[in-house]
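Peer 1: What follows is the file entry-v1.txt, containing compact mmCIF, C-alpha atoms:
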# COMPACT_ATOMS: atom_id res chain seq x y z
CA MET A 1 116.03 116.37 103.20
CA PRO A 2 115.11 112.70 102.62
CA PHE A 3 116.79 110.27 104.99
CA GLU A 4 119.26 107.65 103.80
CA LEU A 5 118.42 103.97 103.67
CA LYS A 6 120.40 101.27 105.44
CA SER A 7 123.01 99.37 103.45
CA ASP A 8 121.38 95.90 103.29
CA ARG A 9 118.01 96.94 101.93
CA ARG A 10 114.99 94.63 102.03
CA TYR A 11 112.53 95.00 99.15
CA ALA A 12 108.81 94.29 98.88
CA ILE A 13 107.11 93.93 95.49
CA LEU A 14 103.40 94.75 95.42
CA GLY A 15 102.19 93.42 92.09
CA THR A 16 104.26 90.49 90.79
CA GLY A 17 103.33 90.83 87.13
CA ALA A 18 105.19 91.68 83.95
CA LEU A 19 106.88 94.65 85.60
CA GLY A 20 107.11 93.89 89.31
CA GLY A 21 107.92 90.25 88.75
CA PHE A 22 110.69 91.08 86.31
CA TYR A 23 112.40 93.73 88.43
CA GLY A 24 111.90 91.83 91.69
CA ALA A 25 113.34 88.64 90.21
CA ARG A 26 116.37 90.51 88.87
CA LEU A 27 116.95 92.07 92.30
CA GLN A 28 116.77 88.68 94.03
CA LYS A 29 119.06 87.08 91.44
CA ALA A 30 121.59 89.84 92.20
CA GLY A 31 121.51 89.01 95.91
CA ALA A 32 118.87 91.34 97.34
CA GLU A 33 116.28 90.14 99.86
CA VAL A 34 112.93 90.46 98.06
CA HIS A 35 109.39 89.68 99.26
CA PHE A 36 106.60 89.27 96.69
CA LEU A 37 102.90 89.92 97.27
CA LEU A 38 100.74 87.90 94.87
CA HIS A 39 97.08 87.19 94.26
CA ARG A 40 96.09 84.76 91.49
CA ASP A 41 99.62 83.35 91.08
CA TYR A 42 100.34 82.80 94.77
CA ASP A 43 100.01 79.00 94.94
CA HIS A 44 102.02 78.48 91.74
CA VAL A 45 104.84 80.87 92.69
CA ALA A 46 105.01 79.66 96.30
CA GLN A 47 105.52 76.10 95.03
CA ARG A 48 107.53 76.67 91.83
CA GLY A 49 109.05 80.14 92.00
CA LEU A 50 109.48 82.59 89.11
CA VAL A 51 110.62 82.02 85.54
CA ILE A 52 112.12 84.90 83.54
CA GLU A 53 112.78 84.79 79.80
CA SER A 54 114.94 87.66 78.61
CA PRO A 55 117.35 88.59 75.83
CA ASP A 56 119.73 89.36 78.71
CA GLY A 57 119.58 85.70 79.77
CA ASP A 58 116.83 83.33 80.92
CA PHE A 59 116.75 82.25 84.56
CA THR A 60 114.56 80.59 87.16
CA LEU A 61 114.19 81.39 90.85
CA PRO A 62 112.84 78.12 92.28
CA ILE A 63 112.42 79.58 95.76
CA VAL A 64 111.04 83.06 96.48
CA HIS A 65 109.46 84.77 99.49
CA ALA A 66 105.83 84.67 98.31
CA TYR A 67 102.79 85.95 100.21
CA SER A 68 99.06 86.19 99.58
CA ASP A 69 98.41 88.11 102.82
CA VAL A 70 100.05 91.50 103.29
CA SER A 71 99.94 91.10 107.08
CA LYS A 72 102.52 88.33 106.77
CA LEU A 73 105.08 90.44 104.89
CA PRO A 74 107.96 91.71 107.05
CA PRO A 75 108.54 95.48 107.19
CA CYS A 76 110.71 96.49 104.23
CA ASP A 77 113.08 99.34 103.44
CA VAL A 78 111.84 99.82 99.86
CA VAL A 79 108.25 98.95 99.00
CA VAL A 80 107.85 98.80 95.22
CA VAL A 81 104.31 99.54 94.02
CA ALA A 82 103.99 97.70 90.70
CA LEU A 83 100.22 97.24 90.75
CA LYS A 84 97.99 98.57 88.01
CA THR A 85 96.75 102.04 88.97
CA THR A 86 93.22 100.63 88.83
CA GLN A 87 94.14 98.78 92.06
CA ASN A 88 95.48 101.79 93.94
CA HIS A 89 92.39 101.88 96.14
CA LEU A 90 94.04 98.93 97.93
CA LEU A 91 97.14 100.90 98.94
CA PRO A 92 95.79 102.36 102.23
CA ASP A 93 95.41 98.78 103.46
CA LEU A 94 98.68 97.49 101.98
CA LEU A 95 101.32 100.11 102.68
CA PRO A 96 101.24 101.18 106.35
CA SER A 97 102.26 97.86 107.90
CA ILE A 98 105.11 96.98 105.53
CA VAL A 99 107.08 100.24 105.18
CA GLN A 100 109.92 100.44 107.69
CA PRO A 101 109.94 103.61 109.85
CA GLU A 102 112.89 104.84 107.77
CA GLY A 103 111.64 103.16 104.61
CA VAL A 104 110.40 104.51 101.30
CA VAL A 105 107.70 103.68 98.75
CA LEU A 106 108.93 103.42 95.15
CA VAL A 107 106.01 103.90 92.75
CA LEU A 108 106.64 102.11 89.44
CA GLN A 109 103.38 103.02 87.70
CA ASN A 110 102.29 104.86 84.59
CA GLY A 111 100.48 108.17 84.62
CA LEU A 112 100.43 111.36 86.65
CA GLY A 113 99.06 112.15 90.11
CA ILE A 114 99.98 108.83 91.69
CA GLU A 115 102.60 110.05 94.18
CA PRO A 116 100.31 112.59 95.91
CA ALA A 117 97.87 109.79 96.77
CA VAL A 118 100.67 107.61 98.13
CA ALA A 119 102.07 110.59 100.07
CA ARG A 120 98.73 110.95 101.87
CA ILE A 121 99.20 107.40 103.16
CA VAL A 122 102.89 107.34 104.16
CA GLY A 123 104.02 110.99 104.08
CA ALA A 124 105.45 113.12 101.28
CA ASP A 125 109.04 112.58 102.42
CA ARG A 126 108.75 108.82 101.91
CA VAL A 127 107.78 108.64 98.24
CA ILE A 128 109.94 108.16 95.13
CA GLY A 129 108.51 107.94 91.63
CA GLY A 130 109.89 105.56 89.04
CA LEU A 131 109.37 105.67 85.27
CA CYS A 132 109.96 102.33 83.55
CA PHE A 133 110.83 101.96 79.87
CA LEU A 134 110.22 98.23 79.67
CA CYS A 135 108.77 95.78 77.16
CA SER A 136 107.68 92.80 79.22
CA ASN A 137 104.65 90.50 79.37
CA LYS A 138 103.39 87.92 81.84
CA VAL A 139 102.76 84.81 79.73
CA GLY A 140 101.68 82.40 82.48
CA PRO A 141 101.57 81.98 86.27
CA GLY A 142 104.92 83.16 87.59
CA HIS A 143 106.27 83.26 84.01
CA ILE A 144 107.49 86.60 82.63
CA ARG A 145 108.82 87.22 79.14
CA HIS A 146 111.07 90.28 78.86
CA LEU A 147 111.30 91.47 75.25
CA ASP A 148 113.26 94.72 75.16
CA TYR A 149 114.52 97.65 77.24
CA SER A 150 114.47 97.76 81.05
CA GLU A 151 115.56 101.26 82.08
CA ILE A 152 114.10 103.01 85.14
CA LYS A 153 114.27 106.74 85.86
CA LEU A 154 113.91 107.71 89.54
CA GLY A 155 112.72 111.02 90.97
CA GLU A 156 112.01 112.18 94.53
CA TYR A 157 108.47 113.40 95.14
CA GLY A 158 108.06 116.90 96.55
CA PRO A 159 104.67 118.34 97.60
CA ASP A 160 102.62 119.09 94.46
CA TYR A 161 105.57 117.84 92.39
CA SER A 162 107.95 120.59 93.43
CA PRO A 163 111.50 119.67 92.27
CA VAL A 164 113.52 118.05 95.05
CA GLY A 165 116.80 117.19 93.34
CA ILE A 166 118.78 113.97 93.57
CA SER A 167 118.96 112.38 97.01
CA GLN A 168 121.38 109.87 98.48
CA ARG A 169 118.62 107.27 98.88
CA MET A 170 117.84 107.56 95.16
CA ARG A 171 121.48 106.74 94.48
CA GLN A 172 121.33 103.80 96.92
CA ILE A 173 118.27 102.27 95.23
CA ALA A 174 119.76 102.90 91.79
CA GLU A 175 122.91 101.04 92.84
CA ASP A 176 120.82 98.00 93.85
CA PHE A 177 119.05 97.94 90.49
CA GLU A 178 122.27 98.52 88.58
CA ARG A 179 123.82 95.51 90.33
CA ALA A 180 120.82 93.60 88.99
CA GLY A 181 121.66 94.73 85.45
CA ILE A 182 118.94 97.39 85.20
CA PRO A 183 120.00 100.70 83.57
CA MET A 184 119.10 103.60 85.85
CA LYS A 185 118.72 107.36 85.46
CA LEU A 186 118.14 109.94 88.21
CA ALA A 187 115.84 112.92 87.67
CA GLU A 188 115.96 116.17 89.58
CA ASP A 189 112.37 117.00 88.60
CA LEU A 190 109.81 114.17 88.91
CA LEU A 191 107.01 116.15 87.25
CA LEU A 192 109.09 116.67 84.12
CA ALA A 193 110.04 112.98 84.14
CA ARG A 194 106.38 111.93 84.38
CA TRP A 195 105.39 114.19 81.47
CA GLN A 196 108.28 112.78 79.45
CA LYS A 197 106.98 109.25 80.08
CA LEU A 198 103.51 110.33 78.94
CA VAL A 199 105.07 111.32 75.60
CA TRP A 200 105.23 107.58 74.86
CA ASN A 201 102.41 106.20 77.01
CA ILE A 202 99.58 108.42 75.79
CA PRO A 203 99.91 107.80 72.04
CA PHE A 204 100.97 104.17 72.00
CA ASN A 205 98.87 102.77 74.84
CA GLY A 206 95.83 104.69 73.63
CA LEU A 207 96.15 104.00 69.90
CA SER A 208 97.00 100.34 70.44
CA VAL A 209 93.54 99.85 71.95
CA ILE A 210 91.58 102.18 69.65
CA LEU A 211 93.18 100.77 66.48
CA ASN A 212 93.82 97.19 67.67
CA ALA A 213 97.47 97.43 66.67
CA ARG A 214 100.99 96.63 67.84
CA THR A 215 103.64 99.32 68.13
CA ASP A 216 105.37 98.22 64.93
CA GLU A 217 102.09 98.44 62.99
CA LEU A 218 101.44 101.96 64.30
CA MET A 219 104.93 103.07 63.30
CA ALA A 220 104.86 101.42 59.86
CA ASP A 221 101.79 103.31 58.66
CA PRO A 222 102.48 106.97 57.75
CA ASP A 223 99.10 108.19 59.03
CA THR A 224 99.26 106.51 62.43
CA ARG A 225 102.92 107.48 62.86
CA LEU A 226 101.93 111.09 62.19
CA LEU A 227 99.03 110.80 64.64
CA ALA A 228 101.36 109.42 67.30
CA GLU A 229 103.72 112.34 66.74
CA GLN A 230 100.84 114.84 66.95
CA LEU A 231 99.75 113.30 70.25
CA MET A 232 103.33 113.60 71.49
CA GLN A 233 103.30 117.30 70.57
CA GLU A 234 100.14 117.74 72.63
CA VAL A 235 101.79 116.02 75.61
CA ALA A 236 104.66 118.51 75.26
CA ALA A 237 102.11 121.35 75.26
CA GLY A 238 100.59 119.93 78.44
CA ALA A 239 103.99 119.83 80.11
CA LEU A 240 104.66 123.41 79.03
CA SER A 241 101.43 124.55 80.69
CA GLU A 242 103.05 123.40 83.96
CA GLY A 243 106.37 125.05 83.19
CA ARG A 244 108.16 121.92 81.98
CA VAL A 245 109.85 121.92 78.56
CA ILE A 246 110.01 118.75 76.45
CA SER A 247 112.28 119.23 73.45
CA GLN A 248 111.59 118.20 69.88
CA GLY A 249 114.73 116.10 70.11
CA PHE A 250 113.18 114.07 72.94
CA ILE A 251 110.03 113.46 70.88
CA GLN A 252 112.12 112.30 67.93
CA GLN A 253 114.09 110.02 70.24
CA MET A 254 110.86 108.37 71.43
CA LEU A 255 109.74 107.85 67.84
CA ASP A 256 113.12 106.38 66.91
CA HIS A 257 113.11 104.02 69.91
CA THR A 258 109.62 102.82 69.05
CA ALA A 259 110.52 102.24 65.41
CA LYS A 260 113.40 100.00 66.52
CA MET A 261 111.37 98.22 69.19
CA LYS A 262 110.46 94.58 68.71
CA PRO A 263 106.76 94.09 67.77
CA TYR A 264 104.97 94.78 71.04
CA HIS A 265 101.44 94.74 72.41
CA THR A 266 101.23 97.53 75.00
CA SER A 267 100.14 96.77 78.56
CA MET A 268 96.88 98.63 77.95
CA LYS A 269 96.12 96.53 74.86
CA LEU A 270 96.78 93.33 76.81
CA ASP A 271 94.50 94.54 79.62
CA TYR A 272 91.80 95.32 77.07
CA ASP A 273 92.09 91.90 75.44
CA ARG A 274 91.81 90.25 78.86
CA HIS A 275 88.75 92.38 79.77
CA HIS A 276 90.65 94.04 82.62
CA PRO A 277 90.06 97.69 83.64
CA LEU A 278 92.18 100.13 81.65
CA GLU A 279 94.57 102.57 83.35
CA ILE A 280 93.01 105.58 81.65
CA ASP A 281 92.30 107.85 84.61
CA MET A 282 95.90 108.43 85.70
CA MET A 283 97.32 108.23 82.17
CA PHE A 284 94.75 110.45 80.44
CA GLY A 285 92.14 111.89 82.79
CA TYR A 286 94.33 113.37 85.51
CA PRO A 287 96.88 114.97 83.15
CA LEU A 288 94.01 116.48 81.12
CA SER A 289 92.42 117.91 84.27
CA ARG A 290 95.71 119.52 85.38
CA VAL A 291 96.27 121.05 81.96
CA GLN A 292 92.71 122.29 81.62
CA ALA A 293 92.98 123.90 85.06
CA ALA A 294 95.99 125.79 83.68
CA GLY A 295 93.88 127.01 80.72
CA THR A 296 95.31 124.71 78.04
CA GLU A 297 93.35 122.32 75.83
CA LEU A 298 94.72 119.10 74.33
CA PRO A 299 91.97 118.20 71.82
CA LYS A 300 93.42 115.03 70.30
CA ILE A 301 94.26 113.57 73.70
CA ALA A 302 90.78 114.52 74.97
CA VAL A 303 89.15 112.64 72.08
CA LEU A 304 91.39 109.62 72.70
CA TYR A 305 90.38 109.68 76.38
CA GLN A 306 86.67 109.79 75.53
CA GLN A 307 87.03 106.89 73.12
CA LEU A 308 88.96 104.81 75.65
CA LYS A 309 86.36 105.44 78.36
CA PHE A 310 83.63 104.15 76.04
CA LEU A 311 85.60 101.07 75.00
CA ASN A 312 86.60 100.35 78.60
CA GLN A 313 83.01 100.44 79.86
CA ARG A 314 81.70 98.32 76.99
CA ASN A 315 84.55 95.84 77.47
CA LEU A 316 83.91 95.50 81.21
CA HIS A 317 80.10 95.51 80.98
CA PRO A 318 79.03 93.92 77.70
CA ARG A 319 75.45 94.40 76.65
CA GLU A 320 72.93 91.75 77.50
CA GLN A 321 72.58 89.07 74.86
CA ALA A 322 69.44 88.87 72.76
CA ASP A 323 68.08 86.06 74.92
CA GLY A 324 68.35 88.23 78.04
CA THR A 325 71.30 86.46 79.62
CA GLN A 326 74.49 88.25 80.63
I'd like the structure from this file rewritten - as structure tokens, please.

Peer 2:
Amino acid sequence: MPFELKSDRRYAILGTGALGGFYGARLQKAGAEVHFLLHRDYDHVAQRGLVIESPDGDFTLPIVHAYSDVSKLPPCDVVVVALKTTQNHLLPDLLPSIVQPEGVVLVLQNGLGIEPAVARIVGADRVIGGLCFLCSNKVGPGHIRHLDYSEIKLGEYGPDYSPVGISQRMRQIAEDFERAGIPMKLAEDLLLARWQKLVWNIPFNGLSVILNARTDELMADPDTRLLAEQLMQEVAAGALSEGRVISQGFIQQMLDHTAKMKPYHTSMKLDYDRHHPLEIDMMFGYPLSRVQAAGTELPKIAVLYQQLKFLNQRNLHPREQADGTQ
């Protein structure tokens, strides 16, 4: 069984962006010891701290533990991976030195197949997955604007996503986040929880890029709302191919939540607009490969994936201009 964590837990945040910066700042504001690894924002945050705008209350942390070099981070009890999955190739160099011997890695990333890769670095008994339902954007160096929602669902990772149940250390981490005002849920089956998150991520992240649209625009049009629902049904079929049942009620709940959501550009759309790599492999490619291996086809999701791969490559590597310059 997973070991318990000590009572005064020290946190590390790898990826101090819209997600990691928001949750890490809330943890520090609530009294937790938090250490932030940064790249482009390091100088600004080291000198000026973090600024959070939120409907739950704006606040500033003028002093934070900021680092640009992972070797200078102290070993931590909970290492929160909030990087984009396109940066996960860095994890073998980042994780080993900063996870306490009795520590755990909490993966707050979108997609499927992330935990097995982390488990190969730190061990399967030291990985927890986290599914975030959060509307948040980074609007400037060290400046995060939280728009809506903030819930996290935690699930222990078992080898090949075998259900593990709810552990004491999950409860301990959830208590820390709840003290920081973050709603928490605990999942007995991480694979089911990840498929449930894909019910939202696949249609709205994908369509926001393909159709250049916000969530409210996608929901307001009858055709795109229907397409989003059809994509959700395919996600449910993918989950069923792995023995996980997603109810029609859950799909309707996701549609209802999105319809009530404030106008929102998804993280994938923002990455596309900034010419950053898109998180399509773990969100689309890996789930499709698992489902196809089980003998199930998801044709609409497969087409969306092919379109996103094309747009991603063209966005990252634009064609040479007519005069031959790049």

Peer 1: Check the smallest atom-to-atom distance from each of A:Ala32, A:Leu308, A:Ala18, A:Ala119 to Leu211 (chain A) using all atoms listed in the file, then report the winner.

Peer 2: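 Among the listed residues, the smallest separation from Leu211 (chain A) belongs to A:Leu308.
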
Peer 1: Mind pulling up the distance from CA of Glu279 (chain A) to CA of Pro263 (chain A)?

Peer 2: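 Interatomic distance here is 21.5 Å.
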
Peer 1: How many Å separate CA of Tyr264 (chain A) from CA of Pro203 (chain A)?

Peer 2: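 Rounded to one decimal, the two atoms are 14.0 Å apart.
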
Peer 1: Write out as a list in words the residues lying within 6 Å of region 77-94 of chain A, counting all atoms listed in the file and excluding same-chain residues fewer than 6 positions away.

Peer 2: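 Close residues of region 77-94 of chain A: Arg9, Arg10, Tyr11, Ala12, Ile13, Leu14, Gly15, Gly20, Gln100, Gly103, Val104, Val105, Leu106, Val107, Leu108 and Glu279 of chain A.
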
Peer 1: Write out as an MDAnalysis selection string the residues lying within 7 Å of region 144-159 of chain A, counting all atoms listed in the file and excluding same-chain residues fewer than 3 positions away.

Peer 2: chainID A and resid 18 22 51:55 115 124 127:139 162:164 170 182:190

Peer 1: At what distance in Å, to one decimal, does CA of Tyr272 (chain A) lie from CA of Asp221 (chain A)?

Peer 2: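 One can read the CA of Asp221 (chain A) to CA of Tyr272 (chain A) distance as 22.4 Å.
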